[in-house]
Structures are given as structure tokens and as C-alpha cells.
>>> print(open('my_file27.txt').read())   # compact mmCIF, C-alpha atoms and all ligand atoms
# COMPACT_ATOMS: atom_id res chain seq x y z
CA MET A 1 88.93 150.05 86.54
CA PHE A 2 86.02 148.59 88.48
CA GLY A 3 83.42 148.23 85.69
CA ASN A 4 80.63 145.84 86.66
CA SER A 5 82.45 145.09 89.83
CA TRP A 6 79.48 143.99 91.95
CA PHE A 7 79.82 140.46 93.25
CA GLU A 8 77.25 138.01 94.48
CA THR A 9 79.01 136.09 97.23
CA VAL A 10 82.07 136.33 99.45
CA ALA A 11 83.53 133.38 97.53
CA GLU A 12 83.38 135.50 94.37
CA ALA A 13 85.05 138.42 96.20
CA GLN A 14 87.84 136.03 97.16
CA ARG A 15 88.27 134.88 93.54
CA ARG A 16 88.48 138.50 92.40
CA ALA A 17 90.98 139.37 95.14
CA ARG A 18 93.16 136.45 94.06
CA LYS A 19 93.02 137.56 90.42
CA ARG A 20 93.65 141.19 91.18
CA LEU A 21 96.39 141.12 93.82
CA PRO A 22 100.05 140.25 93.37
CA ARG A 23 100.67 136.71 94.62
CA SER A 24 102.50 137.66 97.82
CA VAL A 25 99.88 140.27 98.75
CA TYR A 26 97.02 137.81 98.27
CA SER A 27 98.91 135.26 100.30
CA ALA A 28 99.40 137.78 103.15
CA LEU A 29 95.62 138.27 103.24
CA LEU A 30 94.90 134.56 103.20
CA ALA A 31 97.31 134.08 106.13
CA GLY A 32 96.65 130.91 108.20
CA SER A 33 99.37 129.02 110.07
CA GLU A 34 101.22 125.71 109.85
CA LYS A 35 99.00 123.07 108.19
CA GLY A 36 95.90 125.27 108.11
CA VAL A 37 93.88 122.82 110.27
CA THR A 38 92.25 125.61 112.28
CA TYR A 39 91.79 127.84 109.26
CA ASP A 40 89.92 125.03 107.49
CA ASP A 41 87.91 123.99 110.55
CA ASN A 42 86.67 127.56 111.12
CA VAL A 43 84.85 127.40 107.78
CA ALA A 44 84.03 123.67 107.70
CA ALA A 45 82.39 123.70 111.14
CA PHE A 46 79.80 126.26 110.00
CA ALA A 47 78.90 123.95 107.13
CA GLU A 48 78.32 121.08 109.59
CA LEU A 49 75.53 123.04 111.24
CA GLY A 50 72.10 122.92 109.62
CA PHE A 51 68.88 124.92 109.84
CA ALA A 52 65.38 123.92 110.92
CA PRO A 53 63.18 126.16 108.72
CA HIS A 54 59.45 126.89 108.80
CA VAL A 55 57.39 127.50 105.66
CA ALA A 56 54.42 129.56 106.80
CA ASP A 57 53.55 132.18 109.44
CA LEU A 58 56.84 133.86 108.61
CA PRO A 59 57.59 137.44 109.75
CA ALA A 60 57.09 140.14 107.12
CA LYS A 61 59.79 142.28 108.70
CA ARG A 62 62.99 141.23 110.39
CA ASP A 63 64.96 143.25 112.95
CA LEU A 64 68.74 142.97 112.65
CA THR A 65 69.73 145.79 114.98
CA THR A 66 71.64 145.34 118.22
CA THR A 67 74.26 147.01 120.39
CA VAL A 68 77.86 146.02 121.01
CA MET A 69 80.02 147.71 123.63
CA GLY A 70 77.52 150.55 123.87
CA GLN A 71 77.30 151.20 120.12
CA GLU A 72 74.07 150.72 118.19
CA ILE A 73 74.68 148.76 115.02
CA ALA A 74 72.37 148.04 112.09
CA LEU A 75 73.39 144.40 111.80
CA PRO A 76 75.15 142.00 114.18
CA VAL A 77 78.37 142.05 112.17
CA LEU A 78 81.43 144.15 112.97
CA ILE A 79 84.72 144.71 111.21
CA SER A 80 87.39 142.64 112.95
CA PRO A 81 90.74 144.41 113.23
CA THR A 82 93.28 143.28 110.63
CA GLY A 83 96.73 144.62 110.04
CA VAL A 84 97.27 144.42 106.30
CA GLN A 85 94.84 146.81 104.70
CA ALA A 86 97.60 148.44 102.64
CA VAL A 87 96.24 146.07 99.97
CA HIS A 88 94.28 149.14 98.88
CA PRO A 89 95.47 152.77 98.79
CA ASP A 90 92.65 153.93 101.11
CA GLY A 91 93.08 150.88 103.36
CA GLU A 92 91.40 151.17 106.75
CA VAL A 93 89.77 154.49 105.85
CA ALA A 94 87.87 152.83 102.99
CA VAL A 95 86.80 150.02 105.32
CA ALA A 96 85.74 152.51 108.02
CA ARG A 97 83.64 154.45 105.48
CA ALA A 98 82.00 151.27 104.26
CA ALA A 99 81.21 150.15 107.80
CA ALA A 100 79.77 153.60 108.60
CA ALA A 101 77.68 153.55 105.41
CA ARG A 102 76.19 150.20 106.42
CA GLY A 103 75.72 151.22 110.05
CA THR A 104 78.28 149.11 111.83
CA ALA A 105 81.42 149.41 113.94
CA MET A 106 85.04 149.20 112.91
CA GLY A 107 87.84 147.44 114.76
CA LEU A 108 91.14 149.14 113.95
CA SER A 109 94.36 147.16 114.32
CA SER A 110 97.33 148.81 116.01
CA PHE A 111 99.25 147.39 113.03
CA ALA A 112 97.01 149.37 110.66
CA SER A 113 98.43 151.48 107.86
CA LYS A 114 96.23 154.54 108.61
CA PRO A 115 96.24 156.79 111.70
CA VAL A 116 93.43 156.26 114.19
CA GLU A 117 92.41 159.94 113.85
CA GLU A 118 91.57 159.48 110.14
CA VAL A 119 89.72 156.25 110.76
CA VAL A 120 87.56 157.66 113.59
CA ALA A 121 86.76 160.65 111.36
CA ALA A 122 85.47 158.19 108.76
CA ASN A 123 83.59 156.06 111.30
CA PRO A 124 82.99 157.38 114.83
CA ARG A 125 82.07 153.84 115.94
CA THR A 126 85.69 152.71 116.00
CA PHE A 127 87.26 150.35 118.54
CA PHE A 128 91.05 150.47 118.75
CA GLN A 129 92.84 147.11 118.97
CA MET A 130 96.07 146.54 120.88
CA TYR A 131 98.40 143.68 121.55
CA TRP A 132 100.46 143.27 124.70
CA MET A 133 103.61 144.88 123.33
CA GLY A 134 106.17 147.39 124.49
CA ASP A 135 106.39 148.71 128.06
CA ARG A 136 103.42 149.89 130.13
CA ASP A 137 104.18 153.57 129.50
CA SER A 138 104.12 153.15 125.74
CA MET A 139 100.87 151.16 125.99
CA VAL A 140 99.28 153.94 128.04
CA ARG A 141 100.41 156.51 125.44
CA ARG A 142 98.85 154.43 122.65
CA MET A 143 95.60 154.13 124.56
CA GLU A 144 95.57 157.87 125.30
CA ARG A 145 96.07 158.65 121.64
CA ALA A 146 93.19 156.36 120.65
CA ARG A 147 90.96 157.87 123.32
CA ALA A 148 91.84 161.43 122.27
CA ALA A 149 91.05 160.48 118.67
CA GLY A 150 87.57 159.43 119.80
CA ALA A 151 87.82 155.63 119.77
CA LYS A 152 84.72 154.24 121.51
CA GLY A 153 86.28 151.10 122.92
CA LEU A 154 89.44 149.06 123.23
CA ILE A 155 90.02 145.55 121.90
CA ALA A 156 92.91 143.69 123.53
CA THR A 157 93.93 140.74 121.39
CA LEU A 158 95.79 138.10 123.35
CA ASP A 159 96.00 135.04 121.14
CA TRP A 160 99.38 135.21 119.47
CA SER A 161 102.26 132.80 119.98
CA PHE A 162 104.57 133.82 117.11
CA SER A 163 104.12 130.65 115.13
CA ASN A 164 105.76 131.04 111.77
CA GLY A 165 105.71 128.96 108.66
CA ARG A 166 102.88 127.73 106.50
CA ASP A 167 103.02 124.44 104.65
CA TRP A 168 101.94 126.29 101.49
CA GLY A 169 104.65 128.94 101.89
CA SER A 170 104.74 132.41 103.43
CA PRO A 171 104.67 135.53 101.30
CA TRP A 172 107.74 137.67 100.85
CA ILE A 173 107.00 141.08 102.38
CA PRO A 174 109.70 143.77 102.21
CA GLU A 175 110.70 145.83 105.24
CA ARG A 176 110.19 148.99 103.19
CA LEU A 177 108.96 149.42 99.67
CA ASN A 178 112.14 151.03 98.38
CA LEU A 179 113.64 150.69 94.92
CA LYS A 180 115.39 147.41 95.71
CA ALA A 181 112.17 145.89 97.00
CA MET A 182 110.23 147.17 94.00
CA VAL A 183 112.66 145.53 91.59
CA ARG A 184 112.22 142.21 93.37
CA PHE A 185 108.47 142.68 93.52
CA ALA A 186 108.14 143.84 89.89
CA PRO A 187 107.39 140.51 88.19
CA GLN A 188 104.44 139.88 90.51
CA GLY A 189 103.27 143.49 90.34
CA LEU A 190 103.39 143.61 86.56
CA SER A 191 101.19 140.56 86.29
CA ARG A 192 98.52 142.50 88.20
CA PRO A 193 98.31 145.84 86.33
CA GLY A 194 94.91 146.85 87.77
CA TRP A 195 96.21 146.77 91.32
CA LEU A 196 99.44 148.60 90.37
CA PHE A 197 97.44 151.19 88.44
CA ASP A 198 95.33 152.01 91.51
CA TYR A 199 98.44 152.67 93.53
CA ALA A 200 100.10 154.59 90.67
CA ARG A 201 97.11 156.96 90.60
CA THR A 202 97.65 157.84 94.26
CA ARG A 203 101.40 158.47 93.61
CA ARG A 204 102.07 156.59 96.83
CA LEU A 205 103.50 153.17 97.46
CA PRO A 206 101.73 150.64 99.68
CA ASP A 207 102.46 151.76 103.22
CA LEU A 208 104.24 149.17 105.31
CA THR A 209 104.50 151.29 108.43
CA THR A 210 102.37 151.32 111.59
CA PRO A 211 101.49 154.97 112.38
CA ASN A 212 99.43 154.10 115.47
CA LEU A 213 102.49 152.66 117.18
CA ALA A 214 104.54 155.85 116.77
CA ASP A 215 105.25 158.12 119.69
CA ALA A 216 104.30 161.79 119.24
CA GLY A 217 106.69 163.48 116.83
CA GLN A 218 108.44 160.21 115.97
CA PRO A 219 108.35 158.47 112.59
CA ALA A 220 106.02 155.47 112.33
CA PRO A 221 107.84 152.19 112.94
CA THR A 222 107.96 149.70 110.08
CA PHE A 223 105.70 146.66 110.34
CA PHE A 224 108.70 144.43 111.08
CA GLY A 225 110.20 146.90 113.56
CA ALA A 226 106.93 146.85 115.48
CA TYR A 227 106.72 143.07 115.22
CA GLY A 228 110.22 142.85 116.73
CA GLU A 229 109.12 145.01 119.69
CA TRP A 230 106.15 142.71 120.20
CA MET A 231 108.29 139.55 120.11
CA GLY A 232 110.64 141.07 122.67
CA THR A 233 107.81 141.87 125.14
CA PRO A 234 107.43 139.39 128.03
CA PRO A 235 104.20 137.35 127.61
CA VAL A 236 101.07 138.86 129.12
CA THR A 237 99.75 137.75 132.54
CA TRP A 238 96.18 138.00 133.91
CA GLU A 239 97.52 140.67 136.24
CA ASP A 240 98.63 142.62 133.13
CA VAL A 241 95.16 142.18 131.63
CA ARG A 242 93.56 143.61 134.77
CA TRP A 243 96.02 146.51 134.65
CA MET A 244 95.26 147.16 130.98
CA ARG A 245 91.53 147.08 131.61
CA GLU A 246 91.94 149.66 134.43
CA GLN A 247 93.79 152.04 132.12
CA TRP A 248 90.86 152.23 129.70
CA ASP A 249 87.78 153.79 131.25
CA GLY A 250 85.34 152.61 128.62
CA PRO A 251 84.12 149.45 126.91
CA PHE A 252 86.88 146.83 126.74
CA MET A 253 86.93 143.60 124.71
CA LEU A 254 89.28 140.65 125.10
CA LYS A 255 89.71 138.98 121.74
CA GLY A 256 91.02 135.46 121.34
CA ILE A 257 89.25 133.44 124.05
CA CYS A 258 88.60 129.77 123.29
CA ARG A 259 88.48 128.18 126.76
CA LEU A 260 85.83 128.33 129.47
CA ASP A 261 88.37 128.95 132.24
CA ASP A 262 89.86 131.89 130.31
CA ALA A 263 86.37 133.28 129.65
CA LYS A 264 85.72 133.25 133.41
CA ARG A 265 89.08 134.93 134.10
CA ALA A 266 88.15 137.58 131.54
CA VAL A 267 84.92 138.23 133.48
CA ASP A 268 86.97 138.52 136.69
CA ALA A 269 89.28 141.01 134.96
CA GLY A 270 86.26 143.24 134.40
CA VAL A 271 85.96 143.12 130.61
CA THR A 272 82.83 144.32 128.81
CA ALA A 273 83.02 141.74 126.05
CA ILE A 274 85.03 138.84 124.68
CA SER A 275 85.41 137.56 121.17
CA VAL A 276 85.55 133.80 121.01
CA SER A 277 88.29 133.51 118.44
CA ASN A 278 91.40 131.69 117.28
CA HIS A 279 92.71 134.65 115.27
CA GLY A 280 91.15 133.30 112.10
CA GLY A 281 93.37 130.21 112.22
CA ASN A 282 96.53 132.34 112.13
CA ASN A 283 97.76 131.37 115.57
CA LEU A 284 98.16 127.95 117.21
CA ASP A 285 97.20 125.46 114.53
CA GLY A 286 95.01 122.65 115.85
CA THR A 287 92.82 124.97 117.94
CA PRO A 288 89.18 123.98 117.24
CA ALA A 289 86.91 126.20 115.16
CA SER A 290 85.60 129.09 117.23
CA ILE A 291 81.97 128.10 116.53
CA ARG A 292 82.65 124.71 118.24
CA VAL A 293 83.72 126.34 121.51
CA LEU A 294 81.15 129.15 121.44
CA PRO A 295 78.11 127.31 122.95
CA GLY A 296 79.86 126.34 126.20
CA ILE A 297 81.42 129.76 126.66
CA ALA A 298 78.19 131.63 125.87
CA GLN A 299 76.32 129.45 128.34
CA ALA A 300 78.92 130.01 131.06
CA VAL A 301 79.44 133.78 130.83
CA GLY A 302 76.88 135.13 128.34
CA ASP A 303 74.72 136.60 131.11
CA GLN A 304 77.67 138.56 132.55
CA ILE A 305 79.48 139.97 129.52
CA GLU A 306 78.86 140.37 125.78
CA VAL A 307 80.05 137.29 123.91
CA LEU A 308 81.07 137.75 120.28
CA LEU A 309 82.61 135.29 117.85
CA ASP A 310 84.98 135.63 114.94
CA GLY A 311 86.53 133.09 112.57
CA GLY A 312 85.20 131.50 109.41
CA VAL A 313 82.16 133.73 108.84
CA ARG A 314 81.58 133.89 105.08
CA ARG A 315 77.80 134.37 104.79
CA GLY A 316 74.75 135.62 106.62
CA GLY A 317 73.70 132.08 107.50
CA ASP A 318 76.96 131.68 109.46
CA VAL A 319 76.08 134.79 111.46
CA VAL A 320 72.63 133.38 112.27
CA LYS A 321 74.16 130.06 113.37
CA ALA A 322 76.56 131.89 115.70
CA LEU A 323 73.75 133.99 117.17
CA ALA A 324 71.56 130.90 117.64
CA LEU A 325 74.43 129.32 119.59
CA GLY A 326 74.77 132.29 121.92
CA ALA A 327 76.85 135.03 120.23
CA ARG A 328 75.59 138.59 120.52
CA ALA A 329 77.28 139.51 117.24
CA VAL A 330 80.17 138.35 115.06
CA MET A 331 83.22 140.00 113.61
CA ILE A 332 84.45 139.34 110.08
CA GLY A 333 88.04 139.40 108.82
CA ARG A 334 88.92 137.91 105.45
CA ALA A 335 85.45 138.43 104.02
CA TYR A 336 85.82 142.23 104.03
CA LEU A 337 89.53 142.12 103.18
CA TRP A 338 88.62 140.29 99.96
CA GLY A 339 85.91 142.85 99.28
CA LEU A 340 88.42 145.66 99.85
CA ALA A 341 90.93 144.05 97.52
CA ALA A 342 88.28 143.38 94.87
CA ASN A 343 86.61 146.79 94.84
CA GLY A 344 87.72 149.18 97.59
CA GLN A 345 85.08 150.78 99.81
CA ALA A 346 82.27 149.62 97.51
CA GLY A 347 83.61 146.08 97.77
CA VAL A 348 83.42 146.18 101.58
CA GLU A 349 79.87 147.57 101.35
CA ASN A 350 79.08 144.79 98.90
CA VAL A 351 80.30 142.19 101.43
CA LEU A 352 78.26 143.74 104.24
CA ASP A 353 75.19 143.77 101.96
CA ILE A 354 75.70 140.09 101.11
CA VAL A 355 75.98 139.17 104.77
CA ARG A 356 73.01 141.34 105.69
CA GLY A 357 70.89 139.74 102.96
CA GLY A 358 71.89 136.28 104.16
CA ILE A 359 70.95 137.05 107.77
CA ASP A 360 67.60 138.43 106.69
CA SER A 361 66.82 135.44 104.51
CA ALA A 362 67.78 132.96 107.24
CA LEU A 363 65.58 134.82 109.76
CA LEU A 364 62.68 134.66 107.31
CA GLY A 365 63.17 130.94 106.75
CA LEU A 366 63.44 130.26 110.46
CA GLY A 367 60.33 132.31 111.19
CA ARG A 368 62.17 134.72 113.48
CA ALA A 369 61.21 138.40 113.49
CA SER A 370 64.40 139.45 115.24
CA ILE A 371 67.96 138.26 115.68
CA HIS A 372 67.24 138.40 119.42
CA ASP A 373 64.70 135.58 119.07
CA LEU A 374 67.18 133.01 117.73
CA THR A 375 67.74 129.90 119.89
CA PRO A 376 69.75 126.66 119.54
CA ASP A 377 66.50 125.00 118.33
CA ASP A 378 66.89 126.90 115.07
CA VAL A 379 70.01 124.96 114.15
CA VAL A 380 70.78 121.29 113.66
CA ILE A 381 73.86 120.44 115.70
CA PRO A 382 75.44 117.10 114.77
CA PRO A 383 76.55 114.85 117.64
CA GLY A 384 80.07 115.60 118.83
CA PHE A 385 80.09 119.04 117.23
CA THR A 386 80.99 121.15 120.25
CA ARG A 387 84.25 121.32 122.20
CA ALA A 388 84.44 122.41 125.84
CA LEU A 389 88.03 123.51 126.48
CA GLY A 390 89.02 124.22 130.08
CA ALA A 391 85.65 123.04 131.40
CA ASP A 392 86.96 121.74 134.72
CA PHE A 393 88.13 125.09 135.94
C1 LIG B 401 95.53 139.13 107.24
C2 LIG B 401 95.01 139.18 108.64
C3 LIG B 401 95.53 140.11 109.55
C4 LIG B 401 95.02 140.15 110.87
N1 LIG B 401 95.51 141.08 111.74
C5 LIG B 401 94.97 141.18 112.98
C6 LIG B 401 95.36 142.22 113.87
O1 LIG B 401 96.21 143.05 113.54
N2 LIG B 401 94.77 142.27 115.10
C7 LIG B 401 93.81 141.37 115.50
O2 LIG B 401 93.30 141.45 116.61
N3 LIG B 401 93.42 140.38 114.66
C8 LIG B 401 93.97 140.28 113.42
N4 LIG B 401 93.52 139.30 112.57
C9 LIG B 401 92.45 138.39 113.01
C10 LIG B 401 91.07 138.95 112.69
O3 LIG B 401 90.76 140.06 113.49
C11 LIG B 401 89.98 137.90 112.92
O4 LIG B 401 90.15 137.35 114.19
C12 LIG B 401 89.98 136.79 111.87
O5 LIG B 401 90.34 137.27 110.60
C13 LIG B 401 88.60 136.16 111.82
O6 LIG B 401 88.56 135.10 110.93
P1 LIG B 401 88.03 135.22 109.41
O7 LIG B 401 89.13 135.88 108.64
O8 LIG B 401 87.82 133.81 109.03
O9 LIG B 401 86.78 136.06 109.45
C14 LIG B 401 94.02 139.24 111.26
C15 LIG B 401 93.49 138.34 110.32
C16 LIG B 401 93.97 138.30 109.03
C17 LIG B 401 93.37 137.33 108.05
>>> encode(input="my_file27.txt", output="C-alpha cells", more="lines below")
Ligand SMILES: Cc1cc2nc3c(=O)[nH]c(=O)nc-3n(C[C@H](O)[C@H](O)[C@H](O)COP(=O)(O)O)c2cc1C
Amino acid sequence: MFGNSWFETVAEAQRRARKRLPRSVYSALLAGSEKGVTYDDNVAAFAELGFAPHVADLPAKRDLTTTVMGQEIALPVLISPTGVQAVHPDGEVAVARAAAARGTAMGLSSFASKPVEEVVAANPRTFFQMYWMGDRDSMVRRMERARAAGAKGLIATLDWSFSNGRDWGSPWIPERLNLKAMVRFAPQGLSRPGWLFDYARTRRLPDLTTPNLADAGQPAPTFFGAYGEWMGTPPVTWEDVRWMREQWDGPFMLKGICRLDDAKRAVDAGVTAISVSNHGGNNLDGTPASIRVLPGIAQAVGDQIEVLLDGGVRRGGDVVKALALGARAVMIGRAYLWGLAANGQAGVENVLDIVRGGIDSALLGLGRASIHDLTPDDVVIPPGFTRALGADF
């Protein structure tokens, strides 16, 4: 099925994912919200930044290793948690194996299709991601399960405001893949025989349930059932964040920060790390690209907590730009989802190899022997590029 399936760039992985997946499944991966302003800016902003390369006295060897939340990783790129990996029969387990094979950490969404126990078995460097949903007791039970499974850290994602609707149309996703849903889905599925064939071989249907949100002995809620619980939960407060942080006695990341004042509140809440992020442009449309708000935040809190970035990373050069502007590491979302859709575990490894190669080549060009040596002088920042949100706090 996957003859000559190696691809050269993330853009090519995306083309293959689009060709291979049924339309609604591809569209669920693409995501984005409203007009797609933030989605577009996340990628466009990286292209606005340039490099200032040297041509001689370049380092023969480059060091890409670092640590994030206590875990040593072979490159400064982690798997960002995403909730729709049922695009492939092995889903999150394939991604976890690929991340382990390339020496990096895996963020596992609480909306994942595979149980945390299986994912940690495939990659011990797993961080479990949670939203503020349900009551405190159920959140504690979910954390305890992740801890018992061996998760090495917790990611609390806060940036979600239930925006719905995309100008280019939202995909139809069934509540359950039963016979009725399959009949409706059939025309799309039949136009993508390779994808259907892969599922047919497993004798299982794509799993639209969320096993990590189930209570012990209870069936896994459906994706939409869980989403309903989330919508019905009162919005999170900083007091809640402090409470959540206290429940997890290990490394704790807040994901979704884009303002300086919120970054400082995160420090006060005792977090280990933040990811400067706008949920990959899936949340409040019109939020600036995460790379535009990174420099101010990194400058303000980078000496107190680990500052990561996610959103719009499609190549190694993007990673180097983010590190030069103060990120310790980045997390990728769509890039690996497209790799997974295009070629399973090998496709995710392929994406990580592409990104790794790009980082290495940018370091060579910039004359930097280590990712830790990067500084803002390595990049060309056009006037008016950055945004300082919440600077007067
Ligand atoms: C299809 C999809 C599902 C996602 N699901 C989650 C999720 O369950 N939890 C979470 O914290 N972030 C989720 N995200 C956001 C990613 O973790 C990450 O912030 C974003 O994808 C980064 O942008 P990029 O896709 O441009 O790399 C999702 C993103 C996408 C595209």
C-alpha cells in the first residue's frame, strides 16, 4: 500500500494526506476556525522572518539535544497533543512509536483514541494533556490514571472558547461509526480505497470514542459526549489552575498562552513550562501568530519557566527561528498528523527526520554548533513583526 512512500517535505506529506483521506477526515485534520486568519498567520509569520547566514568557519558537528520538563530529547521538537488520530488504525500508538524512535516526547490528548497505558508503553516520554472539563473529582481520577500509567508530565490546555463554523465548511463527523453513518460516509470512503483498505485489514472501524475520559469499568464516552461535558463545565479560573497544578506532583505545562500578563500568572501558579500557542489557529480567530508574541513572553518569563511554542511549524528552519527568538523547544501538530495520514508510523518518522534535517542545515548555515547558541541576531526580524499582548500588566 505504501510503496515508495517517502516524502521530501511536510508540504508533500500534506498533499498525500489530502489525496489519501476521505474529504471530511482531511478537513477534520486541517481544522482552523472562522476565516482562518490565525491559521494563515501562524505559517505566514515564519516566512516573514529571515536568516543571517555565515559562509565559513562553520561547525562540523551540530548539537540538537535538549531537555523539556525533565525529559532528554534528541531534537527540540515535541509531538503536540491532538485529538483526531483515528485517521490511522494505530493512531496515537503509531505516533508515540515514531516519537520514541526519533528520541522525542509525545503529548497525548485526553480526546485521543488510544488509552494512555498503550501510548506510554510505546513511548515512556509521554505527557498527558487535559482540558478544564468535568468536576474536580473526575479530573483528579483522570490525572491519577495518567500518573499510574507512567505519564511523565501534565499539559493543561486552556485556550478553547467553543467557536464553531469555518468559512470553508466544517466536516461531517458521525457520533458513532454505525451502519447508518457508514452508508452516509460511503461515497467519500469509496473514493479513497487505500485508506479504507488499511482500516479493513484491522477489522476495526475508526474509533470515535475517548478512552482516557472513561471512569474505571465504564465504557469510553463518544467524542461528542465528551465535548458536551466540556461545554457544560464552568470556565476555568486562575484559582482552578493553581488547584490543578497542586494535584499533579510533577512537571506541568500550561498550553495556550499568548499574553504577557497570562504568562506571568502562569509563573505565579507554579507551572514548569508554558507553550505559547493559539491552538494552531483553531480557537479565537484573529489571535496573532504565536511566533509574533513569543519574543516578549520569552523575555519576560524565560528565565523562570520553560517557554515552548507551537503553531505553524512546518520545517526545521521554523524551529530554529523560534529558538532564536527565545523558545526552548517547539511542538508540532498538523505536520505529524499529515505524516501519519500519509504513511503511518513511518510517515511521522519521516516528518521528524525532515524537521531534524532542516534544523541541522540552518545551524550549519548560521555557524552555530548548538541549538543553545542561537540568538535573535541569527534572524532578520522585519519592523512591526512582534506583538506584545497584555504588556501593561
Ligand atoms: C486536528 C487537531 C486537533 C487538535 N486537538 C488538540 C487537543 O486535543 N488538545 C490540545 O491541547 N491541542 C490540540 N490541538 C492543537 C495542537 O496541539 C497544536 O497546538 C497545534 O496543532 C499547533 O499548530 P500546527 O498544527 O500549526 O503545528 C489540535 C490541533 C489540530 C490541528
>>> atom_distance(input="my_file27.txt", atom1="atom CA of Ala273 of chain A", atom2="atom CA of Lys152 of chain A")
13.4 Å
>>> residues_near_ligand(input="my_file27.txt", ligand="ligand LIG 401 (chain B)", cutoff="6 Å", atoms="all atoms listed in the file", output="list in words")
Ala28, Leu29, Leu30, Ala31, Ser80, Pro81, Thr82, Gly83, Val84, Ser109, Phe111, Thr157, His279, Gly280, Asp310, Gly311, Gly312, Val313, Ile332, Gly333 and Arg334 of chain A
>>> residues_around(input="my_file27.txt", residues="Ser110 of chain A", least_positions_apart="4", cutoff="8 Å", atoms="all atoms listed in the file", output="list in words")
Gly83, Phe128, Gln129, Met130, Tyr131, Thr210, Asn212 and Leu213 of chain A
>>> atom_distance(input="my_file27.txt", atom1="atom CA of Asp360 of chain A", atom2="atom CA of Ser277 of chain A")
24.3 Å
>>> atom_distance(input="my_file27.txt", atom1="atom CA of Lys264 of chain A", atom2="atom CA of Val301 of chain A")
6.8 Å
>>> residues_around(input="my_file27.txt", residues="Val293 of chain A", least_positions_apart="2", cutoff="10 Å", atoms="all atoms listed in the file", output="PyMOL selection string")
chain A and resi 257-260+276-277+287-291+295-298+309+325+385-389
>>> residues_around(input="my_file27.txt", residues="Ile359 of chain A", least_positions_apart="5", cutoff="12 Å", atoms="all atoms listed in the file", output="PyMOL selection string")
chain A and resi 62-65+74-77+313-324+329-330+352-354+364-366+368-371+374
